[in-house]
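Structure file entry22.txt; described as compact mmCIF, C-alpha atoms.
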```txt
# COMPACT_ATOMS: atom_id res chain seq x y z
CA MET O 105 -44.80 -7.52 -73.99
CA LYS O 106 -42.19 -9.49 -75.95
CA ASN O 107 -38.81 -10.34 -74.46
CA ILE O 108 -35.79 -9.22 -76.44
CA LEU O 109 -33.06 -11.85 -76.43
CA LEU O 110 -30.32 -9.73 -77.88
CA LEU O 111 -28.28 -6.88 -76.38
CA LEU O 112 -30.77 -4.11 -77.09
CA LEU O 113 -28.86 -0.89 -77.28
CA PHE O 114 -25.27 -0.10 -78.02
CA PRO O 115 -23.66 2.95 -76.36
CA PHE O 116 -24.54 6.04 -78.31
CA PHE O 117 -21.12 6.99 -79.60
CA LEU O 118 -21.88 6.72 -83.28
CA PHE O 119 -20.20 9.23 -85.52
CA SER O 120 -21.84 9.54 -88.91
CA GLN O 121 -25.33 10.83 -89.54
CA ASP O 122 -26.25 7.47 -91.11
CA ASN O 123 -25.05 5.67 -87.97
CA LYS O 124 -27.29 7.87 -85.84
CA LYS O 125 -30.29 7.27 -88.10
CA ALA O 126 -29.65 3.53 -88.07
CA TYR O 127 -29.47 3.56 -84.27
CA LYS O 128 -32.67 5.61 -83.88
CA SER O 129 -34.61 3.40 -86.30
CA TYR O 130 -33.36 0.33 -84.46
CA THR O 131 -34.50 1.62 -81.06
CA LYS O 132 -37.95 2.34 -82.54
CA ALA O 133 -38.03 -1.20 -83.94
CA VAL O 134 -37.22 -2.58 -80.48
CA GLU O 135 -40.02 -0.53 -78.95
CA PHE O 136 -42.63 -1.82 -81.41
CA PHE O 137 -41.35 -5.41 -81.13
CA GLU O 138 -41.69 -5.35 -77.34
CA PHE O 139 -45.37 -4.48 -77.70
CA GLY O 140 -46.00 -7.11 -80.35
CA ASN O 141 -46.39 -4.77 -83.32
CA PHE O 142 -44.35 -6.83 -85.77
CA LYS O 143 -45.39 -4.81 -88.81
CA LYS O 144 -44.03 -1.56 -87.39
CA ALA O 145 -40.98 -3.33 -85.96
CA ARG O 146 -40.17 -4.79 -89.37
CA HIS O 147 -40.57 -1.33 -90.98
CA PHE O 148 -38.05 0.31 -88.65
CA ILE O 149 -35.64 -2.65 -88.88
CA GLN O 150 -35.55 -2.19 -92.65
CA LYS O 151 -35.04 1.57 -92.22
CA SER O 152 -32.13 0.92 -89.86
CA ILE O 153 -30.50 -1.50 -92.32
CA THR O 154 -31.03 0.97 -95.17
CA HIS O 155 -29.21 3.68 -93.19
CA ASP O 156 -26.30 1.36 -92.33
CA GLU O 157 -26.20 -2.22 -93.59
CA ASN O 158 -23.11 -2.92 -91.47
CA TYR O 159 -24.92 -2.12 -88.22
CA LEU O 160 -25.60 -5.64 -86.86
CA PRO O 161 -28.25 -5.40 -84.06
CA PRO O 162 -31.18 -4.98 -86.52
CA TYR O 163 -30.33 -8.34 -88.09
CA LEU O 164 -30.50 -10.02 -84.67
CA LEU O 165 -33.85 -8.41 -83.97
CA LEU O 166 -35.10 -9.42 -87.41
CA GLY O 167 -33.94 -12.98 -86.68
CA GLN O 168 -36.04 -13.00 -83.53
CA LEU O 169 -39.01 -11.47 -85.33
CA GLU O 170 -38.85 -14.14 -88.07
CA GLU O 171 -38.57 -16.81 -85.38
CA GLU O 172 -41.68 -15.47 -83.63
CA SER O 173 -43.46 -15.53 -87.00
CA GLY O 174 -42.48 -19.17 -87.64
CA ASN O 175 -40.09 -18.41 -90.51
CA VAL O 176 -37.24 -20.61 -89.29
CA GLU O 177 -34.96 -20.45 -92.33
CA LEU O 178 -35.26 -16.64 -92.61
CA SER O 179 -34.61 -16.43 -88.88
CA ILE O 180 -31.39 -18.43 -89.27
CA LYS O 181 -30.26 -16.26 -92.17
CA ASN O 182 -30.69 -13.03 -90.18
CA TYR O 183 -29.18 -14.39 -86.98
CA GLN O 184 -26.11 -15.38 -88.99
CA LYS O 185 -25.75 -11.83 -90.32
CA GLY O 186 -26.14 -10.35 -86.86
CA LEU O 187 -23.54 -12.72 -85.42
CA SER O 188 -20.96 -12.15 -88.15
CA ASP O 189 -18.70 -10.18 -85.79
CA ASN O 190 -18.45 -13.28 -83.55
CA LYS O 191 -18.52 -11.23 -80.33
CA SER O 192 -18.62 -13.11 -77.04
CA SER O 193 -21.47 -10.86 -75.87
CA ASN O 194 -23.61 -12.48 -78.57
CA ALA O 195 -22.58 -16.06 -77.81
CA TRP O 196 -26.19 -16.87 -76.93
CA GLY O 197 -26.99 -16.37 -80.61
CA PHE O 198 -25.02 -19.48 -81.59
CA TRP O 199 -27.03 -21.50 -79.06
CA LYS O 200 -30.15 -20.01 -80.66
CA LEU O 201 -28.90 -20.99 -84.13
CA GLY O 202 -28.42 -24.55 -82.91
CA MET O 203 -31.98 -24.71 -81.61
CA LEU O 204 -33.32 -23.36 -84.91
CA TYR O 205 -31.28 -25.83 -86.95
CA MET O 206 -32.86 -28.61 -84.85
CA GLN O 207 -36.26 -27.52 -86.13
CA ILE O 208 -35.45 -27.76 -89.85
CA PRO O 209 -33.76 -30.22 -89.06
CA ASN O 210 -30.08 -29.85 -89.92
CA TYR O 211 -28.27 -31.83 -87.23
CA ILE O 212 -24.78 -31.24 -88.63
CA GLU O 213 -25.13 -27.44 -88.53
CA ALA O 214 -26.94 -27.62 -85.19
CA LYS O 215 -24.06 -29.56 -83.65
CA ARG O 216 -21.55 -27.07 -85.11
CA SER O 217 -23.49 -24.12 -83.64
CA PHE O 218 -23.79 -25.70 -80.19
CA ASN O 219 -20.07 -26.53 -80.11
CA HIS O 220 -19.25 -22.94 -81.13
CA PHE O 221 -21.47 -21.63 -78.34
CA LEU O 222 -19.60 -23.83 -75.83
CA SER O 223 -16.28 -22.34 -76.97
CA PHE O 224 -17.24 -19.03 -75.30
CA LYS O 225 -16.52 -18.66 -71.59
CA ASN O 226 -18.82 -17.51 -68.78
CA GLN O 227 -22.12 -18.39 -70.43
CA ASN O 228 -25.55 -19.09 -68.96
CA LEU O 229 -25.41 -22.47 -67.17
CA GLN O 230 -28.83 -23.56 -68.40
CA ARG O 231 -27.81 -22.90 -72.00
CA ILE O 232 -24.56 -24.79 -71.46
CA GLU O 233 -26.46 -27.86 -70.21
CA SER O 234 -28.96 -27.48 -73.04
CA ALA O 235 -26.19 -27.30 -75.65
CA LYS O 236 -24.48 -30.41 -74.28
CA ARG O 237 -27.76 -32.35 -74.32
CA GLN O 238 -28.58 -31.20 -77.85
CA ILE O 239 -25.14 -32.24 -79.10
CA LYS O 240 -25.94 -35.76 -77.89
CA ASN O 241 -29.26 -35.56 -79.71
CA CYS O 242 -27.47 -34.40 -82.88
CA GLU O 243 -24.97 -37.25 -82.73
CA PHE O 244 -27.76 -39.78 -82.16
CA SER O 245 -29.85 -38.28 -84.99
CA ILE O 246 -27.02 -38.27 -87.53
CA LYS O 247 -26.30 -41.93 -86.78
CA SER O 248 -30.01 -42.89 -86.83
CA ILE O 249 -30.71 -41.24 -90.18
CA ALA O 250 -27.72 -43.05 -91.65
CA ASN O 251 -29.24 -46.35 -90.44
CA PRO O 252 -33.02 -46.04 -90.97
CA LYS O 253 -35.56 -48.56 -89.70
CA LEU O 254 -38.00 -50.28 -92.03
CA PHE O 255 -41.18 -48.23 -91.57
CA GLU O 256 -44.18 -48.54 -93.89
CA PHE O 257 -47.38 -47.23 -92.32
CA LYS O 258 -50.97 -47.50 -93.56
CA ASN O 259 -54.12 -45.55 -92.77
CA MET O 260 -56.72 -47.60 -90.86
CA GLY O 261 -59.46 -46.40 -93.19
CA GLU O 262 -62.78 -44.62 -93.00
CA ALA O 263 -64.26 -47.02 -90.44
CA ILE O 264 -61.85 -45.63 -87.85
CA ASN O 265 -60.93 -42.22 -89.23
CA SER O 266 -63.15 -39.29 -90.17
CA GLN O 267 -62.94 -35.65 -91.21
CA TRP O 268 -62.26 -34.91 -87.55
CA GLU O 269 -59.18 -35.65 -85.44
CA GLU O 270 -58.59 -39.21 -84.19
CA TYR O 271 -55.82 -40.09 -81.76
CA LEU O 272 -54.85 -42.05 -78.60
CA PRO O 273 -55.93 -45.55 -79.74
CA SER O 274 -56.29 -48.67 -77.58
CA ILE O 275 -57.02 -52.29 -78.46
CA SER O 276 -58.20 -55.38 -76.59
CA ALA O 277 -55.94 -58.41 -76.25
CA ASP O 278 -58.00 -60.46 -78.72
CA GLY O 279 -57.71 -57.64 -81.28
CA LYS O 280 -61.51 -57.37 -81.71
CA LEU O 281 -62.26 -54.08 -79.92
CA PHE O 282 -60.61 -50.81 -80.92
CA VAL O 283 -61.19 -47.54 -79.02
CA ILE O 284 -60.12 -44.08 -80.14
CA THR O 285 -60.44 -40.49 -78.98
CA ARG O 286 -62.18 -38.28 -81.54
CA ARG O 287 -62.14 -34.50 -81.34
CA GLY O 288 -65.44 -33.27 -82.79
CA PRO O 289 -68.00 -32.74 -84.09
CA TYR O 290 -68.94 -29.29 -82.88
CA GLN O 291 -71.77 -29.24 -80.34
CA ASN O 292 -73.31 -25.85 -79.55
CA GLY O 293 -70.15 -24.24 -80.86
CA VAL O 294 -67.92 -26.32 -78.55
CA VAL O 295 -65.39 -28.93 -79.67
CA SER O 296 -65.63 -32.07 -77.55
CA GLU O 297 -63.31 -35.05 -77.14
CA ASP O 298 -65.28 -38.32 -77.00
CA PHE O 299 -64.56 -42.04 -77.15
CA PHE O 300 -65.58 -44.10 -80.18
CA GLN O 301 -65.36 -47.88 -80.51
CA SER O 302 -65.05 -50.24 -83.44
CA GLU O 303 -65.31 -54.05 -83.58
CA PHE O 304 -63.39 -56.37 -85.87
CA LYS O 305 -65.97 -58.45 -87.72
CA ASN O 306 -65.75 -60.54 -90.89
CA GLY O 307 -62.17 -59.47 -91.50
CA LYS O 308 -62.67 -55.71 -91.18
CA TRP O 309 -63.32 -52.96 -88.66
CA SER O 310 -66.91 -51.80 -88.19
CA MET O 311 -67.79 -48.10 -88.40
CA ALA O 312 -66.66 -46.46 -85.13
CA VAL O 313 -69.59 -45.41 -82.94
CA ASN O 314 -69.84 -43.14 -79.91
CA MET O 315 -69.48 -45.11 -76.66
CA GLY O 316 -72.46 -43.36 -75.12
CA PRO O 317 -73.39 -40.88 -72.38
CA SER O 318 -72.34 -43.15 -69.51
CA ILE O 319 -68.74 -42.32 -70.48
CA ASN O 320 -68.84 -39.35 -72.83
CA THR O 321 -69.96 -35.91 -71.70
CA MET O 322 -69.95 -32.39 -73.09
CA GLY O 323 -66.52 -32.11 -71.49
CA ASN O 324 -63.33 -33.76 -72.68
CA GLU O 325 -62.57 -37.45 -72.34
CA GLY O 326 -59.34 -38.92 -73.66
CA ALA O 327 -56.16 -40.94 -73.11
CA GLN O 328 -57.83 -44.29 -72.49
CA CYS O 329 -56.74 -47.91 -72.23
CA LEU O 330 -58.64 -51.20 -72.30
CA SER O 331 -58.15 -54.11 -69.94
CA PRO O 332 -56.96 -57.18 -71.88
CA ASN O 333 -60.47 -58.67 -72.05
CA GLY O 334 -61.92 -55.39 -73.31
CA LYS O 335 -64.36 -55.18 -70.39
CA VAL O 336 -62.83 -52.32 -68.39
CA LEU O 337 -61.95 -48.90 -69.78
CA PHE O 338 -59.55 -46.65 -67.85
CA PHE O 339 -59.48 -43.07 -69.09
CA THR O 340 -58.82 -39.42 -68.34
CA ALA O 341 -61.55 -36.84 -67.76
CA CYS O 342 -61.11 -33.22 -66.78
CA ASP O 343 -63.13 -30.67 -64.81
CA ARG O 344 -65.72 -33.12 -63.47
CA ASN O 345 -67.61 -32.41 -60.27
CA ASP O 346 -66.22 -35.52 -58.56
CA GLY O 347 -62.65 -34.78 -59.60
CA PHE O 348 -59.80 -34.25 -57.15
CA GLY O 349 -57.78 -32.08 -59.54
CA ARG O 350 -57.75 -30.60 -63.03
CA CYS O 351 -57.69 -34.04 -64.71
CA ASP O 352 -58.36 -37.41 -63.05
CA ILE O 353 -58.38 -41.08 -64.03
CA TYR O 354 -61.76 -42.83 -64.25
CA PHE O 355 -62.98 -46.30 -65.16
CA SER O 356 -66.06 -47.90 -66.69
CA VAL O 357 -67.08 -51.58 -66.90
CA LYS O 358 -68.75 -53.20 -69.90
CA ARG O 359 -71.75 -55.40 -69.03
CA ASN O 360 -74.11 -56.89 -71.60
CA ASP O 361 -72.63 -54.67 -74.33
CA TYR O 362 -73.23 -51.48 -72.29
CA TRP O 363 -70.68 -49.37 -70.49
CA SER O 364 -71.40 -48.51 -66.86
CA GLU O 365 -71.43 -44.99 -65.46
CA ALA O 366 -67.84 -43.81 -65.18
CA ARG O 367 -66.37 -43.72 -61.68
CA ASN O 368 -63.42 -41.78 -60.32
CA LEU O 369 -60.55 -44.14 -59.42
CA GLY O 370 -60.25 -42.43 -56.04
CA SER O 371 -57.91 -40.25 -54.00
CA THR O 372 -55.12 -42.84 -53.82
CA ILE O 373 -54.53 -42.40 -57.55
CA ASN O 374 -55.97 -38.93 -58.18
CA THR O 375 -54.75 -35.78 -56.44
CA LYS O 376 -55.02 -32.02 -56.78
CA TYR O 377 -52.31 -32.41 -59.44
CA TRP O 378 -52.67 -33.72 -63.00
CA GLU O 379 -53.21 -37.45 -63.56
CA SER O 380 -53.71 -38.86 -67.05
CA GLN O 381 -52.90 -41.45 -69.73
CA PRO O 382 -53.42 -44.73 -67.83
CA THR O 383 -52.27 -48.13 -69.07
CA ILE O 384 -53.04 -51.41 -67.29
CA SER O 385 -50.85 -54.53 -67.22
CA PRO O 386 -52.28 -57.73 -68.75
CA ASP O 387 -52.81 -59.33 -65.32
CA GLY O 388 -54.67 -56.20 -64.17
CA ARG O 389 -52.33 -55.71 -61.23
CA GLU O 390 -50.23 -52.73 -62.32
CA LEU O 391 -51.63 -49.37 -63.36
CA TYR O 392 -49.18 -46.98 -65.04
CA PHE O 393 -50.09 -43.35 -65.59
CA LEU O 394 -48.76 -39.84 -66.06
CA SER O 395 -48.65 -37.22 -63.30
CA ASN O 396 -46.96 -33.94 -62.38
CA ARG O 397 -47.30 -34.61 -58.63
CA PRO O 398 -44.33 -33.81 -56.36
CA GLY O 399 -41.59 -36.39 -56.00
CA GLY O 400 -40.84 -36.85 -59.68
CA PHE O 401 -37.75 -36.14 -61.76
CA GLY O 402 -39.34 -33.66 -64.15
CA ASP O 403 -42.70 -32.05 -64.71
CA MET O 404 -44.59 -35.01 -66.22
CA ASP O 405 -43.40 -38.43 -65.02
CA ILE O 406 -44.66 -42.00 -65.33
CA TRP O 407 -45.95 -43.51 -62.06
CA LYS O 408 -47.14 -47.00 -61.09
CA SER O 409 -49.75 -48.32 -58.67
CA VAL O 410 -50.24 -51.99 -57.73
CA LEU O 411 -53.57 -53.70 -57.08
CA THR O 412 -53.79 -54.85 -53.44
CA ASP O 413 -55.47 -57.95 -52.02
CA LYS O 414 -58.39 -55.71 -51.05
CA GLY O 415 -59.04 -54.91 -54.70
CA THR O 416 -57.86 -51.31 -54.47
CA PHE O 417 -54.79 -49.66 -55.99
CA SER O 418 -51.83 -48.84 -53.73
CA SER O 419 -50.15 -45.45 -53.33
CA PRO O 420 -48.31 -44.77 -56.60
CA VAL O 421 -44.53 -44.88 -56.86
CA ASN O 422 -42.39 -43.08 -59.41
CA LEU O 423 -41.01 -45.39 -62.10
CA GLY O 424 -37.52 -44.05 -61.43
CA ALA O 425 -34.62 -42.34 -63.19
CA THR O 426 -34.14 -45.11 -65.75
CA ILE O 427 -37.47 -44.17 -67.35
CA ASN O 428 -38.18 -40.63 -66.16
CA THR O 429 -35.97 -37.60 -66.87
CA GLN O 430 -35.88 -33.95 -65.83
CA PHE O 431 -37.94 -33.34 -68.97
CA ASP O 432 -41.44 -34.58 -69.84
CA GLU O 433 -42.49 -38.18 -70.40
CA MET O 434 -45.90 -39.15 -71.75
CA SER O 435 -48.20 -41.83 -73.28
CA PRO O 436 -46.99 -44.98 -71.47
CA PHE O 437 -48.19 -48.31 -72.86
CA ILE O 438 -47.56 -51.66 -71.18
CA HIS O 439 -47.74 -54.52 -73.68
CA MET O 440 -49.65 -57.76 -73.11
CA ASP O 441 -46.35 -59.59 -72.58
CA ASN O 442 -46.00 -57.57 -69.32
CA GLN O 443 -42.31 -57.07 -70.10
CA SER O 444 -42.35 -54.26 -72.68
CA LEU O 445 -43.09 -50.62 -71.89
CA TYR O 446 -43.46 -48.17 -74.77
CA PHE O 447 -43.54 -44.45 -73.97
CA ALA O 448 -42.63 -41.00 -75.27
CA SER O 449 -39.96 -38.72 -73.82
CA LYS O 450 -38.26 -35.40 -74.37
CA GLY O 451 -35.36 -36.24 -72.09
CA HIS O 452 -33.70 -39.35 -73.54
CA PRO O 453 -31.44 -38.92 -76.62
CA GLY O 454 -33.62 -38.51 -79.70
CA LEU O 455 -34.27 -36.73 -82.96
CA GLY O 456 -36.33 -33.80 -81.77
CA ASP O 457 -39.27 -33.06 -79.53
CA PHE O 458 -41.02 -36.18 -78.14
CA ASP O 459 -39.56 -39.47 -79.37
CA LEU O 460 -40.90 -42.98 -78.84
CA PHE O 461 -38.93 -45.42 -76.66
CA LEU O 462 -39.06 -49.04 -75.53
CA SER O 463 -37.92 -50.32 -72.16
CA LYS O 464 -37.94 -54.03 -71.27
CA ARG O 465 -37.74 -56.07 -68.10
CA ASP O 466 -36.86 -59.73 -67.60
CA TYR O 467 -40.07 -60.62 -65.75
CA PRO O 468 -42.98 -58.80 -64.04
CA GLY O 469 -41.78 -56.94 -60.97
CA SER O 470 -38.15 -56.71 -62.10
CA GLU O 471 -36.39 -53.44 -62.93
CA TRP O 472 -36.92 -51.67 -66.22
CA LYS O 473 -33.86 -51.53 -68.46
CA SER O 474 -32.43 -48.46 -70.21
CA PRO O 475 -34.86 -47.25 -72.90
CA ILE O 476 -34.21 -47.87 -76.59
CA ASN O 477 -35.14 -45.18 -79.09
CA LEU O 478 -37.41 -46.69 -81.76
CA GLY O 479 -35.24 -45.02 -84.39
CA TYR O 480 -35.66 -43.07 -87.61
CA PRO O 481 -38.05 -42.64 -89.42
CA ILE O 482 -40.49 -43.90 -86.76
CA ASN O 483 -39.13 -40.94 -84.78
CA THR O 484 -38.42 -37.60 -86.46
CA HIS O 485 -37.60 -34.03 -85.40
CA GLY O 486 -41.33 -33.53 -84.68
CA ILE O 487 -43.56 -34.96 -81.95
CA GLU O 488 -44.15 -38.72 -81.82
CA ASN O 489 -46.26 -40.30 -79.09
CA SER O 490 -49.26 -42.51 -78.28
CA LEU O 491 -47.96 -45.78 -79.71
CA ILE O 492 -49.72 -49.05 -78.84
CA VAL O 493 -48.81 -52.58 -79.90
CA ALA O 494 -51.19 -55.50 -80.50
CA SER O 495 -50.83 -58.87 -78.75
CA ASP O 496 -48.88 -60.24 -81.73
CA GLY O 497 -46.00 -58.03 -80.57
CA LYS O 498 -45.38 -56.46 -83.97
CA THR O 499 -48.51 -54.61 -85.16
CA ALA O 500 -48.30 -51.03 -83.90
CA TYR O 501 -50.90 -48.27 -84.03
CA PHE O 502 -50.28 -44.55 -83.74
CA ALA O 503 -51.83 -41.16 -84.50
CA SER O 504 -50.33 -38.81 -87.06
CA ASP O 505 -51.16 -35.73 -89.12
CA LYS O 506 -49.80 -37.47 -92.23
CA SER O 507 -52.16 -37.41 -95.21
CA GLY O 508 -55.47 -39.06 -94.44
CA TYR O 509 -59.19 -38.47 -93.97
CA GLY O 510 -58.87 -35.59 -91.51
CA LYS O 511 -56.39 -33.40 -89.67
CA GLU O 512 -55.15 -36.35 -87.60
CA ASP O 513 -55.74 -40.06 -88.27
CA ILE O 514 -54.88 -43.47 -86.84
CA PHE O 515 -52.27 -45.46 -88.78
CA TRP O 516 -50.73 -48.91 -88.33
CA PHE O 517 -47.39 -50.51 -89.22
CA TYR O 518 -45.20 -53.50 -88.40
CA LEU O 519 -42.46 -52.85 -85.86
CA PRO O 520 -38.90 -53.82 -86.85
CA GLU O 521 -37.97 -57.11 -85.21
CA GLU O 522 -35.49 -55.60 -82.73
CA ILE O 523 -38.18 -53.39 -81.12
CA GLN O 524 -41.02 -55.92 -81.13
CA SER O 525 -42.60 -57.37 -78.00
CA GLN O 526 -43.22 -61.02 -77.32
CA LYS O 527 -46.22 -62.51 -79.06
CA VAL O 528 -49.00 -63.28 -76.59
CA ALA O 529 -51.71 -65.87 -77.09
CA TYR O 530 -55.07 -64.75 -75.70
CA LEU O 531 -57.62 -67.39 -74.64
CA LYS O 532 -61.16 -66.20 -74.03
CA THR O 533 -63.13 -68.63 -71.90
CA LYS O 534 -65.69 -68.90 -69.11
CA VAL O 535 -65.07 -70.32 -65.65
CA TYR O 536 -67.86 -72.20 -63.83
CA ASP O 537 -68.33 -73.31 -60.27
CA ALA O 538 -67.65 -77.07 -60.23
CA GLU O 539 -70.74 -77.90 -58.15
CA THR O 540 -73.37 -75.36 -59.19
CA LEU O 541 -72.15 -74.81 -62.77
CA ILE O 542 -72.81 -71.10 -62.25
CA PRO O 543 -70.37 -68.81 -64.14
CA ILE O 544 -67.77 -67.17 -61.89
CA LYS O 545 -67.07 -63.48 -62.44
CA SER O 546 -63.52 -62.14 -62.68
CA SER O 547 -62.16 -58.73 -61.71
CA PHE O 548 -60.93 -57.93 -65.24
```

Could you spell out this file's structure in structure tokens?
Amino acid sequence: MKNILLLLLFPFFLFSQDNKKAYKSYTKAVEFFEFGNFKKARHFIQKSITHDENYLPPYLLLGQLEEESGNVELSIKNYQKGLSDNKSSNAWGFWKLGMLYMQIPNYIEAKRSFNHFLSFKNQNLQRIESAKRQIKNCEFSIKSIANPKLFEFKNMGEAINSQWEEYLPSISADGKLFVITRRGPYQNGVVSEDFFQSEFKNGKWSMAVNMGPSINTMGNEGAQCLSPNGKVLFFTACDRNDGFGRCDIYFSVKRNDYWSEARNLGSTINTKYWESQPTISPDGRELYFLSNRPGGFGDMDIWKSVLTDKGTFSSPVNLGATINTQFDEMSPFIHMDNQSLYFASKGHPGLGDFDLFLSKRDYPGSEWKSPINLGYPINTHGIENSLIVASDGKTAYFASDKSGYGKEDIFWFYLPEEIQSQKVAYLKTKVYDAETLIPIKSSF
């Protein structure tokens, strides 16, 4: 049953026959709307308006119906008609208009609507806080659009992208191994998320191939990251028999060009709650990931675990209020410079839904500084997330539904200088025992 946002029924002290007919048709429209019969609801709304075009509740209901149907501009138009009497009992409608204007987006009108909503007294406290937060977003957005960042993105091509959906990329420090999550193809009527890898050879990326059954299953695998040397893959898998919760973090090690059987990272990291989207620091000592476990600031927060001297990860700690908000954060990425953290957030001032941010620290182990929004048009009123940056500090990769080979593709672009990371030189070498000349293995 649908919830009606507006004041449903006015007292029945209508005088003319047309008023009574308008009221009766409106109540029938409400009844059908509550049970999800939009066609019938729309029919009786139109009948009500035909009987009395000055009777305002049908316009409010029609605004909600158009909103439910995804017709944002028509929704705004009808809400405006229904709110034309400017009654304090319908103050919520101006908050609703502000939220709808954010979707178009029209930040100037959104800000005007939110401010008008705040001019009414004795309103819902949650809506008041929401309006104040959205006004900040509007002010930030208006300023950002007036000062756009240089942003020219390019599709990574058919070696990486396909007719299916590709997203959540990761890259090794030497820039020679690229891993993506691909949704598809259909297997026995089921869509599966699997990992595919591509190698940079002779100046181009090889055709991405499935990483094999040691990692991929008929279930979903996604949200992965590579250790700097490209030999360890941390990733998220859901609904596995050895899982501690709905989704857990696993790892696999590459030996002789083959990936080992995936192993659960253990109960210190994984809980009965949701753990996902790992990213590992370049020294292999800090694991950042997403979780909705208790003790956070919102639902989804970024947490960190440190590798101990015993070779196991410590109990995770929340990254704190500088990074996490009462709203959702997601897709953390720690750069190879170990001083730059890119992530997405709904809570910090931005242009819409999830925006991409950068937080820096002076040296490993120091506090993270206040996040910087990556700016417009890297961020828009839609959802932006899953950004990674190569070791050169400027080449960024991200997933988008912009025109490409399939529904969602991987693109790349150069970050503006002010939001770049430090360039990191990566030296690949072997270490031998001085006496026996036998190669010495490393942890990562």

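Reported to one decimal place, the separation of CA of Ile384 in chain O from CA of Ser276 in chain O is 11.4 Å.
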
Notebook entry, point to check: Looking at O:Ser179, O:Ser371, O:Gln328, O:Asn194, which one is nearest to Ser435 in chain O, with distances taken over only C-alpha atoms?
Noted result: O:Gln328

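Of note, CA of Asn396 in chain O and CA of Ala366 in chain O are spaced 23.3 Å apart.
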
Next item on the list: Give me, please, the distance in Å between CA of Leu391 in chain O and CA of Leu462 in chain O, quoted to one decimal.
Entry: 17.5 Å

Notebook entry, point to check: What would the list of residues within 12 Å of (-42.7, -41.5, -88.0) (file frame) look like as a ChimeraX atom specification, if only C-alpha atoms are what count?
Noted result: /O:252-258,455-456,458-460,478-491,500-506,515-517,519

Next item on the list: Name the residues within 12 Å of (-47.2, -44.9, -58.2), counting all atoms listed in the file in the file's coordinates, and put them as a ChimeraX atom specification.
Entry: /O:372-375,379,382,390-400,405-411,417-424

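Nearest to Val357 in chain O of all the residues O:Leu337, O:Leu165, O:Leu201, O:Leu160 is O:Leu337, counting all atoms listed in the file.
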
Check: So which one's closest to Ala133 in chain O, O:Pro162, O:Gln227, O:Ser310, O:Asp156? Using all atoms listed in the file, please.
Finding: O:Pro162

Check: For Ser385 in chain O, which residue among O:Glu243, O:Asp403, O:Asp441, O:Glu433 is the nearest when counting only C-alpha atoms?
Finding: O:Asp441

Note to self: List the spatial neighbours of Leu164 in chain O as an MDAnalysis selection string - criterion: any atom at most 12 Å away, only C-alpha atoms, same-chain residues fewer than 3 positions off excluded.
What the structure shows: chainID O and resid 108:113 130 133:134 146 149 153 159:161 167:171 178:189 194 196:198 200:201

Next item on the list: Would you mind telling me which residue in O:Val313, O:Asn324, O:Ile232, O:Ile275 lies nearest to Val336 in chain O when using only C-alpha atoms?
Entry: O:Ile275

Next item on the list: Quick one: everything within 12 Å of Gly388 in chain O, counting all atoms listed in the file, minus sequence neighbours fewer than 4 positions away in the same chain. Send it as a PyMOL selection string.
Entry: chain O and resi 329-338+383-384+392+409-412+415-417+438-440+442+468+546-548

Checklist line | Residues near Gly508 in chain O, cut-off 9 Å, all atoms listed in the file, skip fewer than 6 positions along chain, as a PyMOL selection string | finding: chain O and resi 259+261+265-267+514
